[in-house]
>>> print(open('work-v4.cif').read())   # mmCIF, C-alpha atoms
data_run
#
loop_
_atom_site.label_atom_id
_atom_site.label_comp_id
_atom_site.auth_asym_id
_atom_site.auth_seq_id
_atom_site.Cartn_x
_atom_site.Cartn_y
_atom_site.Cartn_z
CA MET U 103 0.38 21.96 2.96
CA SER U 104 -2.53 22.11 0.57
CA ASP U 105 -3.70 19.28 -1.64
CA GLU U 106 -2.44 21.09 -4.75
CA TRP U 107 0.75 20.28 -6.63
CA VAL U 108 3.72 22.22 -5.33
CA ALA U 109 6.17 23.06 -8.09
CA SER U 110 8.92 25.64 -8.34
CA ASN U 111 8.20 26.23 -12.03
CA GLU U 112 4.77 27.85 -12.56
CA ALA U 113 4.56 26.60 -16.16
CA GLY U 114 4.91 23.01 -14.96
CA PRO U 115 7.65 20.49 -15.42
CA ALA U 116 9.21 19.99 -18.84
CA GLY U 117 10.13 16.51 -19.95
CA PRO U 118 9.62 13.09 -18.39
CA ALA U 119 10.18 12.34 -14.71
CA VAL U 120 13.65 11.11 -13.80
CA ALA U 121 13.04 9.96 -10.20
CA VAL U 122 10.26 9.40 -7.69
CA GLU U 123 10.24 8.96 -3.92
CA THR U 124 7.53 8.58 -1.30
CA PHE U 125 7.62 9.68 2.34
CA VAL U 126 5.49 8.85 5.36
CA ARG U 127 5.06 11.39 8.18
CA GLU U 128 2.72 11.95 11.09
CA GLN U 129 0.42 14.96 11.30
CA SER U 130 -2.42 15.45 13.78
CA GLY U 131 -2.54 11.77 14.73
CA ARG U 132 -2.79 10.59 11.10
CA TRP U 133 -0.06 9.25 8.83
CA LEU U 134 0.44 11.14 5.56
CA VAL U 135 1.90 9.70 2.37
CA GLU U 136 3.72 12.25 0.22
CA ILE U 137 5.14 11.72 -3.24
CA VAL U 138 8.09 13.67 -4.66
CA VAL U 139 8.67 13.53 -8.41
CA VAL U 140 11.91 14.87 -9.87
CA PHE U 141 11.92 16.28 -13.40
CA PRO U 142 14.95 17.61 -15.31
CA ASP U 143 14.05 21.20 -14.42
CA ASP U 144 11.69 20.90 -11.45
CA VAL U 145 10.68 18.98 -8.33
CA VAL U 146 7.01 18.36 -7.56
CA ARG U 147 5.74 17.34 -4.11
CA ARG U 148 2.19 16.33 -3.19
CA ILE U 149 0.31 14.77 -0.28
CA VAL U 150 -1.40 11.68 -1.68
CA ASN U 151 -3.56 10.56 1.26
CA ASP U 152 -3.65 10.05 5.02
CA TYR U 153 -4.03 6.78 6.95
CA PRO U 154 -4.90 5.85 10.53
CA THR U 155 -1.79 3.69 11.10
CA ARG U 156 1.85 3.98 10.12
CA ARG U 157 1.84 0.46 8.68
CA GLN U 158 -1.06 1.23 6.33
CA ALA U 159 0.70 4.40 5.19
CA GLU U 160 3.96 2.52 4.54
CA ILE U 161 2.16 -0.12 2.48
CA ALA U 162 0.37 2.55 0.44
CA ALA U 163 3.63 4.48 -0.05
CA SER U 164 5.38 1.38 -1.42
CA TRP U 165 2.52 0.70 -3.87
CA ILE U 166 2.43 4.32 -5.01
CA LYS U 167 6.20 4.40 -5.54
CA ARG U 168 6.23 1.13 -7.50
CA ALA U 169 3.39 2.32 -9.74
CA ALA U 170 5.09 5.68 -10.38
CA GLU U 171 8.43 4.02 -11.17
CA ARG U 172 6.80 2.13 -14.05
CA ASP U 173 6.33 5.45 -15.85
CA ILE U 174 9.99 6.50 -15.52
CA GLU U 175 12.06 5.83 -18.62
CA GLY U 176 15.56 4.42 -18.58
CA PRO U 177 17.54 2.57 -15.93
CA ARG U 178 16.73 3.48 -12.33
CA ASN U 179 19.94 2.13 -10.85
CA GLY U 180 22.65 3.39 -13.07
#
>>> encode(input="work-v4.cif", output="C-alpha coordinates")
Amino acid sequence: MSDEWVASNEAGPAGPAVAVETFVREQSGRWLVEIVVVFPDDVVRRIVNDYPTRRQAEIAASWIKRAAERDIEGPRNG
(Lines of atoms letter the chains of each structure in order from A and count residues from 1; the text may use other names and numbers.)
(Lines give C-alpha, C1' and ligand atoms only; values in the text may rest on other atoms or scores of the structure.)
Protein backbone atom coordinates (compact mmCIF):
# COMPACT_ATOMS: atom_id res chain seq x y z
CA MET A 1 0.00 0.00 0.00
CA SER A 2 1.31 3.43 -0.85
CA ASP A 3 1.62 6.32 1.55
CA GLU A 4 -1.23 8.16 -0.16
CA TRP A 5 -4.79 8.41 1.12
CA VAL A 6 -6.98 5.59 -0.13
CA ALA A 7 -10.55 6.71 -0.66
CA SER A 8 -13.39 5.25 -2.67
CA ASN A 9 -14.67 8.71 -3.61
CA GLU A 10 -12.20 10.55 -5.89
CA ALA A 11 -13.62 13.96 -4.93
CA GLY A 12 -12.83 13.28 -1.28
CA PRO A 13 -15.07 12.76 1.70
CA ALA A 14 -18.02 15.06 2.28
CA GLY A 15 -18.89 16.10 5.79
CA PRO A 16 -17.21 15.49 9.13
CA ALA A 17 -15.78 12.15 10.21
CA VAL A 18 -18.15 9.89 12.14
CA ALA A 19 -15.71 7.23 13.37
CA VAL A 20 -12.00 6.44 13.54
CA GLU A 21 -10.07 3.23 14.20
CA THR A 22 -6.40 2.30 14.21
CA PHE A 23 -4.85 -1.07 13.38
CA VAL A 24 -1.42 -2.57 13.96
CA ARG A 25 -0.01 -5.19 11.57
CA GLU A 26 3.36 -6.70 10.75
CA GLN A 27 5.02 -6.24 7.38
CA SER A 28 8.62 -7.12 6.50
CA GLY A 29 9.69 -7.35 10.15
CA ARG A 30 8.28 -3.90 11.03
CA TRP A 31 5.01 -3.02 12.73
CA LEU A 32 2.71 -0.70 10.77
CA VAL A 33 0.09 1.60 12.26
CA GLU A 34 -2.89 2.23 9.97
CA ILE A 35 -5.73 4.65 10.55
CA VAL A 36 -9.23 4.21 9.13
CA VAL A 37 -11.55 7.21 9.14
CA VAL A 38 -15.25 6.75 8.35
CA PHE A 39 -17.18 9.60 6.76
CA PRO A 40 -20.91 9.64 5.92
CA ASP A 41 -20.19 8.77 2.28
CA ASP A 42 -16.66 7.34 2.31
CA VAL A 43 -13.99 5.39 4.19
CA VAL A 44 -10.37 6.55 4.15
CA ARG A 45 -7.45 4.29 5.12
CA ARG A 46 -3.80 5.32 5.48
CA ILE A 47 -0.54 3.91 6.83
CA VAL A 48 0.67 6.39 9.43
CA ASN A 49 4.13 5.02 10.30
CA ASP A 50 6.12 1.87 11.02
CA TYR A 51 7.84 0.85 14.27
CA PRO A 52 10.47 -1.72 15.24
CA THR A 53 8.37 -3.36 17.98
CA ARG A 54 4.72 -4.27 18.33
CA ARG A 55 4.50 -2.50 21.69
CA GLN A 56 5.74 0.80 20.24
CA ALA A 57 3.23 0.50 17.39
CA GLU A 58 0.37 -0.21 19.82
CA ILE A 59 1.27 2.83 21.93
CA ALA A 60 1.44 5.05 18.85
CA ALA A 61 -1.87 3.65 17.56
CA SER A 62 -3.62 4.47 20.84
CA TRP A 63 -2.27 8.06 20.81
CA ILE A 64 -3.26 8.56 17.18
CA LYS A 65 -6.77 7.22 17.79
CA ARG A 66 -7.30 9.39 20.88
CA ALA A 67 -6.13 12.51 19.03
CA ALA A 68 -8.36 11.76 16.02
CA GLU A 69 -11.40 11.12 18.24
CA ARG A 70 -11.15 14.67 19.60
CA ASP A 71 -12.09 15.97 16.15
CA ILE A 72 -15.21 13.79 15.84
CA GLU A 73 -18.42 15.61 16.70
CA GLY A 74 -21.22 14.13 18.75
CA PRO A 75 -21.38 11.17 21.11
CA ARG A 76 -19.04 8.28 20.29
CA ASN A 77 -20.88 5.68 22.31
CA GLY A 78 -24.48 6.15 21.46
>>> resolve_selection(input="work-v4.cif", expression="the PyMOL selection byres ((chain U and resi 163-174) around 10)", output="PyMOL selection string")
chain U and resi 118-126+134-139+150-151+157-162+175-178
>>> atom_distance(input="work-v4.cif", atom1="CA of Arg132 in chain U", atom2="CA of Asp152 in chain U")
6.2 Å
>>> closest_residue(input="work-v4.cif", among="U:Tyr153, U:Arg148, U:Val140, U:Ala116", to="Glu128 in chain U", atoms="only C-alpha atoms")
U:Tyr153
